[in-house]
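Participant: File run-v7.txt follows (compact mmCIF, C-alpha atoms):
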```txt
# COMPACT_ATOMS: atom_id res chain seq x y z
CA MET G 1 137.50 171.20 94.11
CA ASP G 2 139.04 168.83 91.60
CA ASP G 3 137.59 170.16 88.38
CA ILE G 4 139.37 173.47 87.69
CA PHE G 5 136.86 174.26 84.93
CA ARG G 6 134.21 174.62 87.62
CA SER G 7 136.34 176.98 89.72
CA VAL G 8 135.19 180.58 90.14
CA VAL G 9 137.97 182.21 88.09
CA VAL G 10 137.86 179.80 85.17
CA GLU G 11 134.07 179.94 84.94
CA ALA G 12 134.12 183.75 85.19
CA ALA G 13 136.64 183.87 82.34
CA GLY G 14 134.30 181.68 80.28
CA ILE G 15 136.82 178.91 79.56
CA ALA G 16 135.32 175.42 79.27
CA ALA G 17 137.11 172.07 79.32
CA ASP G 18 137.03 171.89 75.50
CA HIS G 19 138.60 175.33 74.99
CA PRO G 20 141.99 175.55 73.19
CA LEU G 21 143.48 176.90 76.45
CA ALA G 22 142.32 173.91 78.51
CA ALA G 23 145.72 172.20 78.41
CA VAL G 24 147.51 175.40 79.47
CA LEU G 25 145.21 175.74 82.47
CA ALA G 26 145.55 172.07 83.33
CA GLY G 27 149.32 172.61 83.43
CA ARG G 28 148.73 174.85 86.44
CA SER G 29 145.90 172.87 88.01
CA ASP G 30 147.60 173.05 91.44
CA VAL G 31 147.55 176.86 91.29
CA MET G 32 143.94 176.91 90.08
CA GLN G 33 142.87 174.63 92.93
CA LEU G 34 144.71 176.76 95.48
CA THR G 35 143.05 179.85 93.97
CA GLN G 36 139.67 178.27 94.65
CA ALA G 37 140.74 177.22 98.16
CA SER G 38 141.88 180.82 98.79
CA HIS G 39 138.49 182.08 97.60
CA ASP G 40 136.77 179.84 100.14
CA ALA G 41 139.21 180.86 102.90
CA ALA G 42 138.76 184.59 102.25
CA LEU G 43 134.97 184.52 101.72
CA LYS G 44 133.69 181.71 103.92
CA PRO G 45 136.21 181.05 106.71
CA GLU G 46 135.12 179.24 109.89
CA PRO G 47 135.19 180.95 112.28
CA PRO G 48 134.76 184.21 110.35
CA GLY G 49 136.13 186.47 113.12
CA GLY G 50 134.83 190.04 113.11
CA LEU G 51 133.94 190.06 109.40
CA SER G 52 130.79 188.09 108.65
CA HIS G 53 130.38 185.98 105.52
CA ALA G 54 127.67 188.41 104.37
CA GLU G 55 129.98 191.41 104.79
CA ARG G 56 132.80 189.61 102.99
CA ALA G 57 130.57 188.76 100.01
CA ALA G 58 129.27 192.35 99.82
CA LEU G 59 132.80 193.79 100.05
CA ALA G 60 134.03 191.38 97.35
CA CYS G 61 131.12 192.43 95.12
CA ARG G 62 132.00 196.09 95.68
CA MET G 63 135.67 195.45 94.82
CA ALA G 64 134.74 193.53 91.67
CA ARG G 65 132.63 196.53 90.63
CA LEU G 66 135.48 198.95 91.37
CA ASN G 67 137.54 196.79 89.00
CA HIS G 68 134.75 196.84 86.35
CA GLU G 69 134.62 193.05 86.66
CA GLU G 70 130.90 192.44 86.26
CA THR G 71 130.98 188.65 85.99
CA LEU G 72 132.71 188.28 89.35
CA ALA G 73 130.46 191.00 90.80
CA ARG G 74 127.44 188.85 89.92
CA HIS G 75 129.08 185.81 91.52
CA TYR G 76 129.57 187.74 94.77
CA GLU G 77 126.19 189.43 94.62
CA ALA G 78 124.59 185.98 94.61
CA MET G 79 126.46 185.21 97.86
CA ILE G 80 124.98 188.21 99.74
CA PRO G 81 121.98 187.22 101.91
CA ASP G 82 118.68 188.98 101.17
CA SER G 83 118.29 190.03 104.79
CA GLY G 84 120.80 191.47 107.22
CA GLY G 85 121.42 194.84 105.61
CA THR G 86 124.75 194.11 103.93
CA GLN G 87 123.51 194.62 100.33
CA ALA G 88 124.22 198.36 100.48
CA ILE G 89 127.95 197.66 101.00
CA ALA G 90 128.16 196.19 97.49
CA ASP G 91 127.31 199.57 95.96
CA PRO G 92 130.54 201.58 95.48
CA ALA G 93 128.54 204.79 95.93
CA PHE G 94 127.56 203.80 99.49
CA ASP G 95 129.93 205.24 102.12
CA GLY G 96 128.60 203.60 105.29
CA ALA G 97 126.24 206.45 106.28
CA ASP G 98 126.16 206.86 110.07
CA ASP G 99 127.91 203.62 110.97
CA GLN G 100 131.51 204.47 111.91
CA ARG G 101 132.77 200.90 111.66
CA THR G 102 131.28 200.39 108.19
CA ARG G 103 132.53 203.81 107.05
CA ALA G 104 136.08 202.93 108.10
CA ILE G 105 135.96 199.51 106.43
CA LEU G 106 134.58 200.88 103.16
CA ARG G 107 137.03 203.77 103.02
CA HIS G 108 139.95 201.39 103.55
CA THR G 109 138.63 198.79 101.11
CA ASP G 110 138.22 201.38 98.35
CA LEU G 111 141.65 202.91 98.96
CA VAL G 112 143.56 199.62 98.95
CA THR G 113 141.58 198.21 96.04
CA VAL G 114 141.92 201.21 93.73
CA ASP G 115 145.03 203.05 94.86
CA PRO G 116 147.13 200.86 97.17
CA LYS G 117 150.24 202.97 96.67
CA ARG G 118 148.56 205.73 98.71
CA ALA G 119 147.92 203.49 101.74
CA ALA G 120 149.85 204.72 104.77
CA GLU G 121 150.26 204.13 108.49
CA ALA G 122 147.41 206.58 109.21
CA ASP G 123 145.01 204.33 107.29
CA ILE G 124 145.68 201.38 109.61
CA ALA G 125 145.42 203.77 112.58
CA ALA G 126 142.01 204.90 111.27
CA LEU G 127 140.74 201.31 111.30
CA LYS G 128 141.97 200.85 114.88
CA SER G 129 140.29 204.14 115.92
CA ALA G 130 137.00 202.86 114.48
CA GLY G 131 137.23 199.93 116.88
CA ILE G 132 138.34 197.29 114.40
CA LEU G 133 140.51 194.69 116.12
CA GLU G 134 143.94 193.85 114.74
CA PRO G 135 143.05 190.28 113.67
CA ASP G 136 140.11 191.74 111.74
CA ILE G 137 142.40 194.29 110.08
CA VAL G 138 144.46 191.35 108.79
CA ARG G 139 141.31 189.46 107.73
CA LEU G 140 140.07 192.52 105.83
CA SER G 141 143.49 192.99 104.24
CA GLU G 142 143.58 189.39 103.03
CA LEU G 143 140.07 189.69 101.59
CA ILE G 144 140.96 192.89 99.69
CA ALA G 145 144.25 191.41 98.51
CA PHE G 146 142.68 188.13 97.42
CA VAL G 147 139.93 189.79 95.37
CA SER G 148 142.53 192.09 93.80
CA TYR G 149 144.43 188.95 92.72
CA GLN G 150 141.33 187.15 91.55
CA VAL G 151 139.97 189.95 89.32
CA ARG G 152 143.32 190.11 87.53
CA VAL G 153 143.49 186.37 86.95
CA VAL G 154 140.01 186.56 85.40
CA LYS G 155 140.93 189.60 83.24
CA GLY G 156 144.13 187.91 82.11
CA LEU G 157 142.46 184.60 81.32
CA ARG G 158 139.75 186.35 79.31
CA LEU G 159 142.38 188.22 77.28
CA MET G 160 144.22 184.95 76.71
CA ALA G 161 141.02 183.23 75.61
CA GLU G 162 140.40 185.98 73.04
CA ALA G 163 143.93 185.59 71.69
CA ALA G 164 144.02 181.77 71.63
CA MET X 1 162.28 207.14 114.97
CA THR X 2 163.55 205.71 111.70
CA GLU X 3 161.74 207.00 108.64
CA PRO X 4 160.38 204.44 106.15
CA ILE X 5 162.12 204.11 102.79
CA THR X 6 160.20 205.86 100.02
CA ASP X 7 162.46 205.34 96.98
CA PHE X 8 162.81 202.07 95.07
CA THR X 9 165.95 200.12 95.93
CA THR X 10 167.46 196.69 95.29
CA VAL X 11 168.66 196.53 98.91
CA VAL X 12 166.09 194.50 100.85
CA PRO X 13 164.80 196.57 103.81
CA PHE X 14 163.47 195.45 107.18
CA TRP X 15 159.71 195.21 107.34
CA LYS X 16 158.16 196.92 110.35
CA PRO X 17 154.55 195.83 110.98
CA ARG X 18 151.74 198.32 111.61
CA VAL X 19 149.69 195.54 113.25
CA THR X 20 150.91 193.63 116.32
CA PRO X 21 152.23 190.22 115.20
CA VAL X 22 150.91 187.02 116.77
CA GLU X 23 153.21 185.93 119.61
CA LEU X 24 154.71 182.62 118.58
CA ASP X 25 154.45 181.03 122.02
CA LYS X 26 150.77 182.00 122.22
CA ALA X 27 149.86 180.86 118.68
CA SER X 28 147.03 178.34 118.26
CA GLU X 29 147.51 174.96 116.58
CA GLU X 30 145.78 176.33 113.48
CA GLN X 31 148.09 179.36 113.37
CA LEU X 32 151.20 177.19 113.81
CA GLU X 33 150.02 174.89 111.03
CA ALA X 34 149.30 177.85 108.72
CA MET X 35 152.78 179.25 109.42
CA LYS X 36 154.27 175.78 108.86
CA VAL X 37 156.13 176.17 112.14
CA THR X 38 158.03 173.20 113.52
CA PRO X 39 158.77 173.02 117.28
CA SER X 40 162.42 174.00 116.72
CA ASP X 41 161.56 176.90 114.42
CA THR X 42 162.16 180.21 116.19
CA GLY X 43 163.02 182.35 113.18
CA VAL X 44 159.49 183.11 111.99
CA GLY X 45 159.41 186.60 110.52
CA ALA X 46 157.16 189.47 111.54
CA TYR X 47 155.29 189.33 108.23
CA VAL X 48 154.19 185.72 108.66
CA LEU X 49 153.34 186.37 112.31
CA VAL X 50 151.09 189.27 111.26
CA LEU X 51 149.37 187.15 108.61
CA ALA X 52 148.85 184.39 111.20
CA HIS X 53 145.94 186.50 112.51
CA ASP X 54 144.08 185.00 109.53
CA PRO X 55 145.34 181.41 109.45
CA GLN X 56 142.71 180.14 106.99
CA THR X 57 143.90 182.41 104.19
CA LEU X 58 147.60 182.12 105.06
CA LYS X 59 147.42 178.33 104.87
CA GLU X 60 146.30 178.46 101.21
CA ARG X 61 148.32 181.48 100.13
CA THR X 62 151.78 180.10 100.95
CA PRO X 63 151.58 177.07 98.61
CA LEU X 64 149.81 179.25 96.02
CA PHE X 65 152.68 181.75 96.13
CA ASN X 66 155.27 178.99 95.78
CA GLY X 67 153.28 177.32 93.00
CA ILE X 68 153.26 180.51 90.94
CA MET X 69 156.80 181.71 91.66
CA TYR X 70 158.83 178.51 91.77
CA SER X 71 157.14 175.81 89.69
CA HIS X 72 158.80 174.29 86.65
CA GLY X 73 157.94 174.99 83.03
CA GLY X 74 156.28 178.07 81.59
CA LEU X 75 157.79 181.50 82.17
CA SER X 76 161.45 181.49 83.27
CA ARG X 77 162.32 182.40 86.86
CA THR X 78 164.04 185.58 85.66
CA GLU X 79 161.04 186.78 83.65
CA THR X 80 158.69 185.86 86.51
CA GLU X 81 160.70 188.20 88.74
CA LEU X 82 160.36 190.97 86.12
CA GLY X 83 156.57 190.59 86.25
CA ALA X 84 156.68 190.79 90.07
CA VAL X 85 158.77 193.97 89.89
CA ALA X 86 156.36 195.61 87.42
CA ALA X 87 153.36 195.02 89.70
CA SER X 88 155.30 196.20 92.77
CA LEU X 89 156.18 199.44 90.99
CA VAL X 90 152.54 200.18 90.12
CA ASN X 91 151.50 199.50 93.71
CA ARG X 92 154.62 201.23 95.07
CA CYS X 93 155.47 198.35 97.35
CA ILE X 94 159.07 199.26 98.19
CA TYR X 95 159.69 196.00 100.06
CA CYS X 96 158.42 193.63 97.34
CA ALA X 97 160.14 195.67 94.62
CA ALA X 98 163.43 195.36 96.52
CA VAL X 99 163.17 191.60 97.07
CA HIS X 100 162.21 190.82 93.48
CA SER X 101 164.48 193.31 91.71
CA ASN X 102 167.35 191.95 93.79
CA ARG X 103 166.43 188.40 92.76
CA TYR X 104 166.03 189.46 89.13
CA ASN X 105 169.55 190.91 89.15
CA GLN X 106 170.98 187.71 90.66
CA LEU X 107 169.22 185.47 88.13
CA ALA X 108 169.82 187.68 85.08
CA LYS X 109 173.38 188.61 86.12
CA ASP X 110 172.58 192.04 84.71
CA GLU X 111 171.69 195.13 86.75
CA THR X 112 171.04 197.50 83.85
CA VAL X 113 167.43 196.36 83.30
CA ILE X 114 166.33 197.19 86.86
CA GLU X 115 168.39 200.39 86.89
CA GLY X 116 166.56 201.46 83.76
CA ILE X 117 163.13 200.53 85.13
CA PHE X 118 163.70 202.30 88.46
CA GLY X 119 164.94 205.35 86.57
CA ALA X 120 162.53 205.58 83.66
CA GLY X 121 159.68 203.13 84.38
CA GLU X 122 157.75 202.19 81.27
CA ASP X 123 159.99 204.36 79.10
CA SER X 124 163.14 202.42 79.98
CA GLU X 125 165.27 200.75 77.31
CA LEU X 126 164.27 197.09 77.30
CA ASP X 127 164.48 194.45 74.61
CA PRO X 128 161.15 193.64 72.92
CA ARG X 129 160.48 190.59 75.08
CA GLN X 130 161.29 192.35 78.36
CA LYS X 131 159.27 195.35 77.23
CA ALA X 132 156.23 193.20 76.41
CA ILE X 133 156.41 191.46 79.81
CA PHE X 134 156.91 194.68 81.76
CA ASN X 135 154.18 196.47 79.84
CA PHE X 136 151.58 193.72 80.29
CA ALA X 137 152.27 193.25 84.02
CA THR X 138 152.14 197.01 84.56
CA LYS X 139 148.80 197.42 82.79
CA LEU X 140 147.20 194.38 84.46
CA SER X 141 148.20 195.84 87.85
CA GLU X 142 146.22 199.06 87.41
CA CYS X 143 142.71 199.30 88.88
CA PRO X 144 140.73 198.71 86.81
CA SER X 145 143.13 196.73 84.62
CA GLU X 146 144.33 198.54 81.50
CA ALA X 147 145.62 195.40 79.75
CA GLY X 148 144.03 194.72 76.39
CA GLU X 149 144.21 192.64 73.24
CA ALA X 150 147.14 194.63 71.84
CA ASP X 151 149.20 193.91 74.95
CA VAL X 152 148.65 190.16 74.61
CA ARG X 153 149.54 190.42 70.92
CA GLN X 154 152.75 192.20 71.92
CA LEU X 155 153.60 189.23 74.18
CA LYS X 156 152.89 186.72 71.42
CA ASP X 157 154.87 188.75 68.88
CA ALA X 158 157.78 188.79 71.34
CA GLY X 159 157.72 184.98 71.29
CA LEU X 160 155.87 184.11 74.49
CA GLY X 161 153.76 180.96 74.41
CA MET X 162 150.32 180.80 76.03
CA ASP X 163 151.78 178.85 78.97
CA GLU X 164 154.25 181.68 79.56
CA ILE X 165 151.55 184.33 79.21
CA PHE X 166 149.44 182.44 81.75
CA ASP X 167 152.34 182.41 84.21
CA LEU X 168 152.78 186.15 83.69
CA VAL X 169 149.07 186.74 84.37
CA LEU X 170 149.37 184.69 87.56
CA THR X 171 152.54 186.48 88.69
CA ALA X 172 151.27 190.03 88.13
CA SER X 173 147.97 189.07 89.81
CA LEU X 174 149.79 187.45 92.74
CA PHE X 175 151.63 190.70 93.38
CA GLY X 176 148.31 192.51 93.29
CA TRP X 177 147.76 190.37 96.39
CA ALA X 178 151.24 190.43 98.00
CA ASN X 179 151.76 194.19 97.52
CA ARG X 180 148.41 194.91 99.19
CA LEU X 181 149.60 193.06 102.30
CA MET X 182 153.25 194.14 102.48
CA HIS X 183 152.71 197.78 101.58
CA VAL X 184 149.54 198.23 103.63
CA LEU X 185 150.36 196.28 106.81
CA GLY X 186 153.91 197.49 107.37
CA ASP X 187 156.71 199.90 106.56
CA PRO X 188 160.04 199.24 104.82
CA ILE X 189 162.82 200.63 106.99
CA PRO X 190 166.60 200.73 106.48
CA ARG X 191 168.52 197.63 107.59
CA GLU X 192 171.09 199.59 109.61
CA SER X 193 168.51 200.61 112.20
```
Please express the file's structure as structure tokens.
Facilitator:
Amino acid sequence: MDDIFRSVVVEAAGIAADHPLAAVLAGRSDVMQLTQASHDAALKPEPPGGLSHAERAALACRMARLNHEETLARHYEAMIPDSGGTQAIADPAFDGADDQRTRAILRHTDLVTVDPKRAAEADIAALKSAGILEPDIVRLSELIAFVSYQVRVVKGLRLMAEAA
Amino acid sequence: MTEPITDFTTVVPFWKPRVTPVELDKASEEQLEAMKVTPSDTGVGAYVLVLAHDPQTLKERTPLFNGIMYSHGGLSRTETELGAVAASLVNRCIYCAAVHSNRYNQLAKDETVIEGIFGAGEDSELDPRQKAIFNFATKLSECPSEAGEADVRQLKDAGLGMDEIFDLVLTASLFGWANRLMHVLGDPIPRES
């Protein structure tokens, strides 16, 4: 990823290489490249551990929607495979139905995305009770935290582009 | 059992993990590389050892964090810390708020700004530039973001250049990330214990 204008956040913000803000973004090209590398690490890590790439894409899509960030939601939606049953996760109205593991993951994802200040020890305990291993709790946390960062960079860049 | 701290403070607490940290002597090559651990390094903190469960993300996040917080040009170090504090207040991350308010006070050599913010939040008495920075970082940290055109105009009117506004966007966003790890994966507890 050398061309920051083809990175996910810059494309989602709609800023092209000939935009008045291009020089400002180029001044932080290291940060923009690491943002893209973080996207790849959070969404498509090898090995993925207990959170599949499909689940990660669907969760990211759900979080983008919870943030009313439709452009990023479309980016993540396109990463969800057609088969495998993870599409439902991307719908914020879906609560996991009868699957206890999915229910626990979705409840935690929504809480930490929307209202992180309310997250408490019992919420981590609830993930453990649902059988989610500790390394996967960290992987899920990083995914939620990364998308929360990314949606704000996109929002901020779009506001800057309007004001430039 | 020591109770976690629930009020904002400038005294940096201990961080007690809710997830078992990776044991350093059992860490894989990839985990050691992500933690940037050298063979003689025994002082790796619990936070990094918890994050080492996901070495792929940790490996990218550390240089990203340093690139946003400590690079030259753009927003000053002091004002960057103010943006970090604003986000940490919205997300109620006691640990991050303590670290970055403490650093703000050291850099600014003025404790009244943080005292005011901890006491009155958005209604505190700040100068127009501080107010614009605090206001924007606060609004961007909400979910969904509440930052709008008027907030960017307030930053420009207060004299911030686009490079500085970009750094503020990155800082507030970065703490949307950091707070969701620190506050969710562990508890801030008093140092004495």
Participant: Can you list, as an MDAnalysis selection string, every protein, DNA or RNA residue that comes within 12 Å of Ser83 (chain G) when you count all atoms listed in the file, leaving out same-chain residues fewer than 4 positions away?
Facilitator: chainID G and resid 54:55 79 87:88
Participant: Quick one: of X:Ala84, X:Pro188, X:Gly159, X:Ile165, who's nearest to Ser141 (chain X), counting all atoms listed in the file?
Facilitator: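 Nearest to Ser141 (chain X): X:Ala84.
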Participant: Go through region 108-180 of chain X and flag each residue having an atom no more than 8 Å from region 21-36 of chain G; for those, report the closest pair of atoms plus their distance in Å to one decimal, using all atoms listed in the file, ordered by chain and rising number, as JSON lines.
Facilitator:
```
{"residue": "X:Met162", "atom": "CA", "partner": "G:Val24", "partner_atom": "CA", "distance": 7.0}
{"residue": "X:Asp163", "atom": "CA", "partner": "G:Val24", "partner_atom": "CA", "distance": 5.5}
{"residue": "X:Phe166", "atom": "CA", "partner": "G:Val24", "partner_atom": "CA", "distance": 7.6}
```
Participant: Starting from chain G, keep only residues with some atom at most 8 Å from an atom of chain X, counting all atoms listed in the file, and report them as number ranges by chain.
Facilitator: G: 21, 24-25, 30-31, 34-35, 37-38, 41-42, 45, 66-68, 112-117, 119-121, 124, 134-136, 138-139, 141-142, 144-150, 152-153, 155-157, 159-160, 162-164
Participant: Figure out the distance between CA of Ser76 (chain X) and CA of Ile133 (chain X), please, to one decimal in Å.
Facilitator: 11.7 Å
Participant: Go through G:Ile89, G:Phe5, G:Gly14, G:Ala130 one by one, measure the shortest atom-to-atom distance of each to Thr71 (chain G) using only C-alpha atoms, and give the residue with the smallest value.
Facilitator: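 Using only C-alpha atoms, Thr71 (chain G) sits closest to G:Gly14.
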Participant: Using all atoms listed in the file, pick whichever of G:Ala17, G:Ala161, G:Leu143, G:Ala12 has the shortest atom-to-atom distance to Arg74 (chain G).
Facilitator: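 Residue with the minimum atom-to-atom distance to Arg74 (chain G): G:Ala12.
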